[in-house]
2 protein chains.
Amino acid sequence: MTKKPETVVIRRITPSLDNARFALKRTVGGGITVEADIFKEGHDEVAALLKWRRAGEKAWNETPMRPMQNDRWTATLCVMSEGAWEYTVEAWGDVFFSWQHELEKKFAAGLRELQSEILEGAAFIEAAAGRAGETSDGEALRKSGAAMRVADAEQAHDLAHDHSLCALMRVYADRSLATVAEPYHPVWVDRERAAFAAWYEFFPRSAEGNADSGSTFRQCLSRIDDAKAMGFDVIYFPPIHPIGTSNRKGRNNSLKCEPGEPGVPYAIGNNKQGVNGGGHKDVAPELGTLEDFDWLVTEIHKRGMEIALDFAINCSPDHPYVHAHPEWFFKRPDGSIKYAENPPKKYEDVYPLNFHNANWRELWDELRDVILFWCEHGVGIFRVDNPHTKPVAFWEWVIAEVKAQFPGTVFLSEAFTRPKMMHELAKLGFTQSYTYFTWRNTKQELADYLTELTTPPMRDFFRANFFANTPDILPEYLQHGGRPAFLIRAVLAAMTVPVYGIYSGFELCENAPVPGKEEYIDSEKYQFKSRDWNAPGNIKDYITRLNHIRRDNRALREYDNLRLHTAENDQILCFSKSTAALDNLIVVVVTVDPWNPQSAFVHLPIELFGIGADDEYVMEDLLTGEKFHWRGARNFIALDPQNRPAHVFRVRRAIGRELGEVVFA
Amino acid sequence: MTKKPETVVIRRITPSLDNARFALKRTVGGGITVEADIFKEGHDEVAALLKWRRAGEKAWNETPMRPMQNDRWTATLCVMSEGAWEYTVEAWGDVFFSWQHELEKKFAAGLRELQSEILEGAAFIEAAAGRAGETSDGEALRKSGAAMRVADAEQAHDLAHDHSLCALMRVYADRSLATVAEPYHPVWVDRERAAFAAWYEFFPRSAEGNADSGSTFRQCLSRIDDAKAMGFDVIYFPPIHPIGTSNRKGRNNSLKCEPGEPGVPYAIGNNKQGVNGGGHKDVAPELGTLEDFDWLVTEIHKRGMEIALDFAINCSPDHPYVHAHPEWFFKRPDGSIKYAENPPKKYEDVYPLNFHNANWRELWDELRDVILFWCEHGVGIFRVDNPHTKPVAFWEWVIAEVKAQFPGTVFLSEAFTRPKMMHELAKLGFTQSYTYFTWRNTKQELADYLTELTTPPMRDFFRANFFANTPDILPEYLQHGGRPAFLIRAVLAAMTVPVYGIYSGFELCENAPVPGKEEYIDSEKYQFKSRDWNAPGNIKDYITRLNHIRRDNRALREYDNLRLHTAENDQILCFSKSTAALDNLIVVVVTVDPWNPQSAFVHLPIELFGIGADDEYVMEDLLTGEKFHWRGARNFIALDPQNRPAHVFRVRRAIGRELGEVVFA
């Protein structure tokens with residue numbers, strides 16, 4: 001035995017992601033309630049601290065842990081700034097409080113010959129005085145030590161339990177044999193918009209809605225102002241880079257591209273145009289210049305909004321990398337570069353990169369530099385396309401590299417049907433993740449999925465971003481459910497989780513599919529698109545109200561405060577979200593049936609809400625302004641998908657009386 | 001990014017104890033079914049191996065893992081010798097099988113222009129030939145590579161699926177980018193008696209059962225032969241060391257010791273006698289000499305049995321350490337050594353050791369040397385007294401030190417009411433653990449406890465040793481239930497788990513308590529004890545039959561094969577234990593009511609037993625030799641605590657017909 005043995009066993013620290021391999025996610029001001037098994041041999045009194053600090057700092061914040069039962073202890077910490085933090089647990093057998101405990105038992109048993117015990121206690125206090133040094137605490141401890149040394153049994157018993165002395169003995173405890181748990185548990189603390197935001201996605205070339213020509217960055221402002229008016233705060237653009245012309249796809253993904261067709265923004269790279277280099281650090285000339293982009297970013301920031309860019313690691317055959325770094329790509333036996341395939345389908349407009357090529361370090365550095373380039377141009381959010389087709393080791397590395405320079409950067413991971421890969425990406429550093437929300441439509445599906453997302457372990461590493469539609473996904477529910485379906489899905493996306501988004505056209509209830517598929521017909525991925533952004537039947541007002549409700553109610557900014565409640569109808573979902581202090585308490589009742597009126601008795605846990613069994617309380621519908629006076633746990637609601645697909649209630653409890661009338665919060 | 005990035009994600013390897021911090025327990029020939037989440041980016045075919053080896057060896061055993069669902073993989077390993085082993089998982093994206101898979105898809109889609117693909121495949125095969133070198137495998141691969149290089153599409157498709165080629169391509173796969181999971185998972189492999197044994201505990205001084213004098217080692221043989229005749233194979237002695245005289249306790253733990261009283265064997269150390277040094281490496285002179293002990297150990301070994309000694313780290317005030325190493329003990333302010341206390345109780349006959357004293361390394365080394373001393377005298381099993389009052393770090397260290405020299409050493413941990421400490425001790429190296437079995441008496445208590453012990457995670461680190469009584473514990477159930485209670489508890493202890501024991505006197509149904517306590521009156525811990533080892537009413541025959549049944553039925557040697565079955569009576573417990581191959585299948589039906597006859601219909605999962613719904617099968621009662629012909633899942637049994645407290649059935653299935661009669665296995 002060469003190193004100093006551990007004196008206390010500390011095990012099963014929670015929360016913990018893969019034994020501290022990955023960082024928990026929190027936002028500034030967030031808390032973590034930590035628990036651990038803590039015990040040692042014998043009958044010593046154990047003392048334990050929860051310790052946490054910004055990574056790289058030397059000093060720890062500390063707070064005492066308290067025992068619960070069966071050797072399980074707990075305490076709560078709070079992370080106060082953006083960036084990397086860490087926490088751990090320290091524990092030791094406390095000689096003073098063990099002594100106090102034994103003295104108490106002897107005293108209670110009537111023993112009064114305690115001279116030896118008293119001298120022991122005095123020595124413990126004097127040692128603490130030594131640790132406190134020449135401070136007022138040290139002075140107070142020296143006085144107590146001297147008093148103990150000459151005390152009789154009664155005096156010693158009183159002094160041993162003196163509150164001031166005990167407080168000082170906790171602060172200046174003998175921690176020379178303390179055990180500190182390793183490894184430390186990492187935490188990543190994001191700014192608030194990483195965890196609370198409403199996203200609006202549009203193709204900049206579609207900003208004006210012209211059928212035969214594309215818009216430029218300079219023509220995007222009205223679309224952005226419209227999004228702002230609806231209450232969105234993140235504008236998300238699909239790729240804005242030069243689009244390849246080799247094997248360019250035509251409308252509806254056809255292999256044949258007619259002259260004048262704009263191409264797919266995901267086929268990135270075109271150095272034939274001779275402008276800007278033509279790669280991932282450039283903007284498509286048809287959208288404008290980099291200066292135009294900078295101007296647009298500034299305009300977005302002026303409006304209190306942010307821009308999110310797509311990070312799609314796809315190279316068209318015309319990408320400058322193809323000539324500068326042919327070794328970064330996969331080769332065929334004849335030496336030519338392999339295009340992407342999903343046999344028998346061929347994607348001849350895209351060349352995949354080989355992340356393990358001999359020159360991989362240069363490739364990885366270059367891709368990091370692409371992200372850093374856009375960070376320097378004011379982009380703080382990246383939506384990452386198909387992250388599951390690139391090595392997870394790359395993502396862990398590149399996200400850490402970017403956050404080292406721009407800690408506020410947000411990465412949103414695209415979703416795909418491999419849940420474990422999605423979890424891994426979320427753990428290794430992606431800030432947010434797309435989800436299976438678009439395919440969760442029944443009450444049971446939604447209840448199960450919301451529970452999985454908002455409870456451990458997922459709540460600690462996976463931040464769902466509920467997009468109601470995307471350029472790739474027009475769910476059957478929206479295809480068949482008409483306008484009511486759009487209202488319902490908007491309520492569900494906006495009210496259940498703090499980050500959600502829509503892809504433009506959702507507010508217009510666009511729902512024409514490629515027949516038999518969950519895809520848009522005439523998708524603007526492949527063509528210019530004509531649109532009236534204020535077309536009749538749009539639900540812009542409804543979305544606007546939802547976003548304002550989100551802004552005004554702090555309960556909707558939290559992720560894991562979602563609680564499901566009984567509604568006596570399989571088509572009606574009822575849930576609440578509340579602040580811990582219950583001062584903002586939202587109850588949502590929403591139908592999932594876009595065709596028929598539905599009604600139900602709903603059951604609220606009013607005792608948890610701080611409402612007495614016989615108390616009257618007011619349910620204020622924040623969508624309509626109506627106020628309903630309820631009493632008891634079980635109350636009736638009726639919903640109509642056409643006009644009232646949901647209630648979004650703020651619960652107002654009685655807080656007193658004025659002029660004989662009950663006043664509600 | 002400086003080090004080579006991992007190419008495959010390997011997570012959540014199971015079984016795993018605290019993220020590979022502790023070793024799983026197995027015995028020689030035992031298996032471990034390992035699972036892991038294994039996945040990588042993209043659409044490559046993943047290959048994975050389970051790898052294991054003796055710790056310290058360089059080469060791994062390897063077996064392919066197979067995918068189950070949702071990226072979960074599995075394989076089973078087998079540990080073939082005693083000592084430390086380790087396992088891990090290796091995985092890689094397999095270029096050849098990814099190529100084969102893509103070729104298959106293209107071929108199935110009717111594509112036949114596959115020249116480029118064929119050349120790629122040839123290159124993969126040639127590379128494997130290079131790895132195989134100048135071997136017959138290499139030669140075969142070179143031939144296949146050459147054939148592939150000139151193949152047409154049909155031929156290439158056939159060759160790509162050729163079984164011999166595919167087998168070789170698995171063996172000589174390109175693992176240059178493989179990922180190996182870390183940390184490796186440790187396994188400790190014990191000899192069989194560590195996991196299958198029947199213990200018999202007696203105080204050597206009580207061997208002859210004289211009321212007024214103690215027996216010696218030389219007088220222990222008849223007791224040992226009696227235990228052997230009953231079918232026990234481990235003889236366990238409480239401490240055999242010199243007993244202190246200072247503050248020696250008298251009968252029934254009285255503070256006053258009369259002249260001639262023998263003292264408590266747990267108050268270890270007496271150098272006043274001037275014989276043998278008087279400490280933990282010595283035997284009490286009243287038992288004989290070290291040579292006598294060696295003779296006894298040899299006699300025990302001759303009988304195919306083993307001896308277990310108590311390892312009790314207690315020092316009487318007369319222990320040689322007190323003078324040689326006063327710094328190893330706790331001191332009072334006046335410089336005197338502190339005795340043990342549990343206020344207001346004082347244990348003035350015992351001095352606790354301070355494991356963190358300034359000279360702790362010498363203390364720890366000395367205690368290790370005590371164990372090694374007895375190992376060298378033929379002791380392979382140690383029952384450890386009060387391990388929870390010594391640092392867990394000490395136990396982890398000392399057990400590892402001893403096993404490094406004597407890997408077959410068995411350590412049995414005493415139990416106490418801190419479950420997490422018990423689990424920790426089991427994880428850090430204790431081979432077996434006492435349990436709460438003595439306080440689990442109702443059907444529900446037994447069912448719950450047996451389930452907890454024999455399922456993950458406990459089954460992988462905690463080996464229960466079911467002692468039915470101990471010198472410290474005479475459970476109320478035995479006090480009040482009379483002889484039937486002893487029969488019932490013998491069945492439960494011997495049949496549920498592979499390691500069990502009794503403390504002598506159990507077979508005589510001794511059950512006189514200290515009034516109001518679960519302790520023996522006139523305990524031989526404190527005095528000589530008169531006994532007729534063949535007293536009327538003894539249950540030696542019944543115990544003998546149980547031990548023979550244990551020996552003859554391999555299903556009873558396994559730990560986690562226990563399965564509970566429905567009995568339609570709250571007083572009747574029904575369970576089975578079976579080998580995996582179902583060739584040894586035991587069903588036990590036992591009453592827990594020592595007072596009244598009980599009967600029940602019991603339900604057996606006959607389909608899991610390989611018995612058809614209408615098949616006749618024979619239930620052979622191994623206690624009585626009776627054979628019952630049953631049919632179907634639900635059958636009736638009747639038990640009588642006086643005469644038939646249990647059935648121990650061997651299930652015999654029909655295996656054929658002979659002369660028109662059904663023959664049973």
# chains A, B, ... in the order shown; residues from 1 in each chain; ligands from 1
call {"tool": "residues_around", "arguments": {"residues": "region 354-356 of chain B", "least_positions_apart": "2", "cutoff": "7 Å", "atoms": "only C-alpha atoms", "output": "ChimeraX atom specification"}}
result
/B:328-330,352,358,360
call {"tool": "interface_residues", "arguments": {"of": "chain A", "to": "chain B", "cutoff": "9 Å", "atoms": "only C-alpha atoms", "output": "JSON, numbers by chain"}}
result
{"A": [1, 2, 5, 6, 7, 8, 9, 11, 12, 18, 19, 37, 39, 40, 41, 42, 43, 70, 71, 102, 103, 104, 105, 106, 107, 108, 109, 110, 111, 116, 117, 119, 120, 123, 177, 332, 333, 334, 342, 343, 344, 345, 356, 361, 364, 365, 387, 388, 389, 390, 391, 392, 393, 394, 397, 418, 419, 420, 421, 424]}
call {"tool": "atom_distance", "arguments": {"atom1": "CA of His603 (chain A)", "atom2": "CA of Thr451 (chain A)"}}
result
18.0 Å
call {"tool": "residues_around", "arguments": {"residues": "Gly656 (chain A)", "least_positions_apart": "3", "cutoff": "12 Å", "atoms": "only C-alpha atoms", "output": "list in words"}}
result
Asp615, Glu616, Tyr617, Arg652, Arg653, Leu659, Gly660, Glu661, Val662, Val663, Phe664 and Ala665 of chain A
call {"tool": "write_last_selection", "arguments": {"atoms": "C-alpha atoms", "output": "PDB file, in the first residue's frame"}}
result
ATOM      1  CA  ASP A 615     -60.730  26.273  -2.336  1.00  0.00           C
ATOM      2  CA  GLU A 616     -61.929  28.153  -5.360  1.00  0.00           C
ATOM      3  CA  TYR A 617     -59.239  28.913  -7.943  1.00  0.00           C
ATOM      4  CA  ARG A 652     -54.458  31.590 -10.153  1.00  0.00           C
ATOM      5  CA  ARG A 653     -54.831  30.658  -6.515  1.00  0.00           C
ATOM      6  CA  LEU A 659     -63.782  44.205   0.377  1.00  0.00           C
ATOM      7  CA  GLY A 660     -65.269  40.795   1.028  1.00  0.00           C
ATOM      8  CA  GLU A 661     -64.199  39.414  -2.338  1.00  0.00           C
ATOM      9  CA  VAL A 662     -61.623  36.662  -2.899  1.00  0.00           C
ATOM     10  CA  VAL A 663     -58.545  37.975  -4.690  1.00  0.00           C
ATOM     11  CA  PHE A 664     -56.623  35.615  -6.964  1.00  0.00           C
ATOM     12  CA  ALA A 665     -52.908  35.710  -7.729  1.00  0.00           C
TER      13      ALA A 665
END
call {"tool": "select_by_dssp", "arguments": {"residues": "region 232-314 of chain A", "states": "alpha helix (DSSP H)", "output": "PyMOL selection string"}}
result
chain A and resi 290-302
call {"tool": "residues_around", "arguments": {"residues": "region 74-84 of chain B", "least_positions_apart": "3", "cutoff": "6 Å", "atoms": "only C-alpha atoms", "output": "list in words"}}
result
Val28, Gly29, Gly30, Gly31, Ile32, Thr33, Val34, Glu35, Arg54, Ala55, Met65, Arg66, Val187, Trp188, Val189, Asp190 and Pro407 of chain B
call {"tool": "write_last_selection", "arguments": {"atoms": "C-alpha atoms", "output": "tab-separated table (two decimals), in the first residue's frame"}}
result
chain	number	residue	atom	x	y	z
B	28	VAL	CA	-13.64	-22.10	-12.55
B	29	GLY	CA	-15.56	-23.03	-15.69
B	30	GLY	CA	-18.12	-20.29	-15.13
B	31	GLY	CA	-19.59	-18.17	-17.89
B	32	ILE	CA	-20.35	-14.50	-18.30
B	33	THR	CA	-22.88	-13.34	-20.87
B	34	VAL	CA	-21.68	-9.90	-21.82
B	35	GLU	CA	-23.75	-7.25	-23.58
B	54	ARG	CA	-6.06	-13.99	-17.40
B	55	ALA	CA	-4.88	-10.68	-15.96
B	65	MET	CA	-20.43	-10.85	-30.58
B	66	ARG	CA	-23.78	-10.89	-32.32
B	187	VAL	CA	-13.31	-10.92	-12.89
B	188	TRP	CA	-12.16	-12.93	-9.91
B	189	VAL	CA	-12.38	-16.67	-10.40
B	190	ASP	CA	-12.58	-18.83	-7.30
B	407	PRO	CA	-5.26	-17.21	-4.84
call {"tool": "atom_distance", "arguments": {"atom1": "CA of Ile502 (chain A)", "atom2": "CA of Asp349 (chain A)"}}
result
28.0 Å
call {"tool": "closest_residue", "arguments": {"among": "A:Ile240, A:Phe232, A:Val297, A:Gln219", "to": "His548 (chain A)", "atoms": "only C-alpha atoms"}}
result
A:Phe232
call {"tool": "residues_around", "arguments": {"residues": "Pro597 (chain A)", "least_positions_apart": "4", "cutoff": "8 Å", "atoms": "only C-alpha atoms", "output": "PyMOL selection string"}}
result
chain A and resi 593+638-641
call {"tool": "write_last_selection", "arguments": {"atoms": "N, CA, C and O atoms", "output": "JSON list (two decimals), in the first residue's frame"}}
result
[["chain", "number", "residue", "atom", "x", "y", "z"],
["A", 593, "ASP", "N", -57.23, 15.08, -31.43],
["A", 593, "ASP", "CA", -58.14, 14.69, -32.51],
["A", 593, "ASP", "C", -58.46, 15.92, -33.35],
["A", 593, "ASP", "O", -59.18, 16.81, -32.91],
["A", 638, "ALA", "N", -64.26, 21.25, -22.51],
["A", 638, "ALA", "CA", -64.71, 20.83, -23.83],
["A", 638, "ALA", "C", -63.84, 21.52, -24.87],
["A", 638, "ALA", "O", -63.56, 22.72, -24.77],
["A", 639, "LEU", "N", -63.38, 20.76, -25.85],
["A", 639, "LEU", "CA", -62.48, 21.30, -26.87],
["A", 639, "LEU", "C", -63.07, 21.06, -28.25],
["A", 639, "LEU", "O", -63.79, 20.09, -28.49],
["A", 640, "ASP", "N", -62.74, 21.97, -29.16],
["A", 640, "ASP", "CA", -63.20, 21.86, -30.54],
["A", 640, "ASP", "C", -62.00, 22.15, -31.43],
["A", 640, "ASP", "O", -61.45, 23.24, -31.38],
["A", 641, "PRO", "N", -61.59, 21.18, -32.23],
["A", 641, "PRO", "CA", -60.35, 21.37, -32.99],
["A", 641, "PRO", "C", -60.40, 22.57, -33.93],
["A", 641, "PRO", "O", -59.36, 23.13, -34.25]]
call {"tool": "residues_around", "arguments": {"residues": "Thr455 (chain A)", "least_positions_apart": "6", "cutoff": "10 Å", "atoms": "only C-alpha atoms", "output": "list in words"}}
result
Tyr559, Asp560, Asn561 and Leu562 of chain A
call {"tool": "write_last_selection", "arguments": {"atoms": "all heavy atoms", "output": "CSV table (one decimal), in the first residue's frame"}}
result
chain,number,residue,atom,x,y,z
A,559,TYR,N,-37.4,22.7,-18.4
A,559,TYR,CA,-37.5,21.5,-19.2
A,559,TYR,C,-38.2,20.3,-18.5
A,559,TYR,O,-39.1,19.7,-19.0
A,559,TYR,CB,-36.1,21.1,-19.7
A,559,TYR,CG,-36.1,20.0,-20.7
A,559,TYR,CD1,-36.3,20.3,-22.1
A,559,TYR,CD2,-35.8,18.7,-20.4
A,559,TYR,CE1,-36.2,19.3,-23.0
A,559,TYR,CE2,-35.8,17.7,-21.3
A,559,TYR,CZ,-36.0,18.0,-22.7
A,559,TYR,OH,-36.0,17.0,-23.6
A,560,ASP,N,-37.7,20.0,-17.3
A,560,ASP,CA,-38.1,18.8,-16.6
A,560,ASP,C,-39.2,19.0,-15.6
A,560,ASP,O,-39.4,18.2,-14.7
A,560,ASP,CB,-36.9,18.1,-16.0
A,560,ASP,CG,-36.2,19.0,-14.9
A,560,ASP,OD1,-36.6,20.2,-14.8
A,560,ASP,OD2,-35.2,18.5,-14.3
A,561,ASN,N,-39.9,20.1,-15.7
A,561,ASN,CA,-41.0,20.4,-14.8
A,561,ASN,C,-42.3,19.9,-15.4
A,561,ASN,O,-43.4,20.3,-14.9
A,561,ASN,CB,-41.0,21.9,-14.4
A,561,ASN,CG,-41.3,22.8,-15.7
A,561,ASN,OD1,-41.1,22.3,-16.8
A,561,ASN,ND2,-41.7,24.0,-15.4
A,562,LEU,N,-42.3,19.2,-16.5
A,562,LEU,CA,-43.5,18.7,-17.1
A,562,LEU,C,-44.2,17.6,-16.3
A,562,LEU,O,-43.5,16.7,-15.9
A,562,LEU,CB,-43.3,18.3,-18.5
A,562,LEU,CG,-44.5,17.9,-19.3
A,562,LEU,CD1,-44.6,18.6,-20.6
A,562,LEU,CD2,-44.6,16.4,-19.6
call {"tool": "atom_distance", "arguments": {"atom1": "CA of Leu446 (chain A)", "atom2": "CA of Arg563 (chain A)"}}
result
12.3 Å
call {"tool": "select_by_dssp", "arguments": {"residues": "region 448-597 of chain A", "states": "strand (DSSP E or B)", "output": "ChimeraX atom specification"}}
result
/A:464-467,470,473,499-503,513,520,562-565,567,572-578,585-591
call {"tool": "write_last_selection", "arguments": {"atoms": "N, CA and C atoms", "output": "tab-separated table (two decimals), in the first residue's frame"}}
result
chain	number	residue	atom	x	y	z
A	464	ALA	N	-34.52	18.45	-26.03
A	464	ALA	CA	-35.35	18.30	-27.22
A	464	ALA	C	-35.64	19.65	-27.85
A	465	ASN	N	-35.53	19.72	-29.16
A	465	ASN	CA	-36.02	20.86	-29.93
A	465	ASN	C	-37.15	20.31	-30.80
A	466	PHE	N	-38.38	20.67	-30.43
A	466	PHE	CA	-39.55	20.10	-31.10
A	466	PHE	C	-39.87	20.88	-32.38
A	467	PHE	N	-39.30	20.46	-33.49
A	467	PHE	CA	-39.71	21.04	-34.77
A	467	PHE	C	-41.01	20.37	-35.20
A	470	THR	N	-40.26	19.99	-40.98
A	470	THR	CA	-38.96	20.41	-41.51
A	470	THR	C	-39.04	20.32	-43.02
A	473	ILE	N	-39.67	16.73	-43.67
A	473	ILE	CA	-40.74	15.98	-43.01
A	473	ILE	C	-42.06	16.74	-43.02
A	499	VAL	N	-37.70	24.61	-26.14
A	499	VAL	CA	-37.16	24.93	-27.46
A	499	VAL	C	-38.00	24.23	-28.51
A	500	TYR	N	-38.53	25.01	-29.44
A	500	TYR	CA	-39.29	24.39	-30.51
A	500	TYR	C	-39.10	25.23	-31.77
A	501	GLY	N	-39.59	24.69	-32.90
A	501	GLY	CA	-39.43	25.44	-34.12
A	501	GLY	C	-40.43	25.03	-35.17
A	502	ILE	N	-40.58	25.90	-36.16
A	502	ILE	CA	-41.35	25.54	-37.34
A	502	ILE	C	-40.53	25.89	-38.57
A	503	TYR	N	-40.78	25.13	-39.60
A	503	TYR	CA	-40.19	25.43	-40.90
A	503	TYR	C	-41.25	26.21	-41.68
A	513	PRO	N	-48.32	16.78	-50.11
A	513	PRO	CA	-47.18	15.85	-50.05
A	513	PRO	C	-46.82	15.29	-51.41
A	520	TYR	N	-42.69	17.08	-48.77
A	520	TYR	CA	-43.40	18.14	-49.48
A	520	TYR	C	-43.28	17.93	-50.99
A	562	LEU	N	-42.30	19.19	-16.47
A	562	LEU	CA	-43.55	18.75	-17.09
A	562	LEU	C	-44.17	17.60	-16.29
A	563	ARG	N	-45.45	17.74	-16.02
A	563	ARG	CA	-46.17	16.71	-15.27
A	563	ARG	C	-47.46	16.37	-16.00
A	564	LEU	N	-47.69	15.10	-16.25
A	564	LEU	CA	-48.90	14.68	-16.95
A	564	LEU	C	-50.03	14.47	-15.96
A	565	HIS	N	-51.24	14.78	-16.38
A	565	HIS	CA	-52.40	14.62	-15.51
A	565	HIS	C	-53.49	13.83	-16.22
A	567	ALA	N	-56.78	12.88	-17.91
A	567	ALA	CA	-57.97	13.42	-18.59
A	567	ALA	C	-58.79	12.20	-18.99
A	572	ILE	N	-57.56	13.44	-25.30
A	572	ILE	CA	-57.21	14.71	-24.66
A	572	ILE	C	-56.01	14.52	-23.74
A	573	LEU	N	-55.00	15.35	-24.01
A	573	LEU	CA	-53.79	15.32	-23.20
A	573	LEU	C	-53.83	16.50	-22.23
A	574	CYS	N	-53.51	16.23	-20.99
A	574	CYS	CA	-53.49	17.30	-19.98
A	574	CYS	C	-52.15	17.26	-19.27
A	575	PHE	N	-51.49	18.41	-19.20
A	575	PHE	CA	-50.22	18.47	-18.47
A	575	PHE	C	-50.05	19.83	-17.85
A	576	SER	N	-49.13	19.89	-16.89
A	576	SER	CA	-48.83	21.18	-16.27
A	576	SER	C	-47.34	21.41	-16.28
A	577	LYS	N	-46.98	22.66	-16.18
A	577	LYS	CA	-45.59	23.06	-15.97
A	577	LYS	C	-45.61	24.16	-14.93
A	578	SER	N	-44.71	24.04	-13.97
A	578	SER	CA	-44.74	25.01	-12.87
A	578	SER	C	-43.33	25.36	-12.45
A	585	LEU	N	-47.71	28.83	-12.79
A	585	LEU	CA	-48.24	27.48	-12.89
A	585	LEU	C	-49.18	27.43	-14.09
A	586	ILE	N	-48.76	26.67	-15.10
A	586	ILE	CA	-49.49	26.59	-16.36
A	586	ILE	C	-50.08	25.18	-16.51
A	587	VAL	N	-51.34	25.13	-16.88
A	587	VAL	CA	-51.98	23.84	-17.17
A	587	VAL	C	-52.46	23.89	-18.61
A	588	VAL	N	-52.05	22.89	-19.39
A	588	VAL	CA	-52.48	22.83	-20.79
A	588	VAL	C	-53.38	21.62	-20.98
A	589	VAL	N	-54.50	21.84	-21.63
A	589	VAL	CA	-55.39	20.74	-21.99
A	589	VAL	C	-55.57	20.84	-23.50
A	590	VAL	N	-55.20	19.80	-24.22
A	590	VAL	CA	-55.19	19.88	-25.68
A	590	VAL	C	-55.75	18.59	-26.28
A	591	THR	N	-56.55	18.75	-27.31
A	591	THR	CA	-57.05	17.56	-28.00
A	591	THR	C	-56.00	17.10	-29.00
call {"tool": "residues_around", "arguments": {"residues": "His280 (chain B)", "least_positions_apart": "2", "cutoff": "7 Å", "atoms": "only C-alpha atoms", "output": "PyMOL selection string"}}
result
chain B and resi 241+269+282+370
call {"tool": "closest_residue", "arguments": {"among": "A:Ile606, A:Gly209, A:Pro204, A:Gly56", "to": "Ala535 (chain A)", "atoms": "only C-alpha atoms"}}
result
A:Gly209
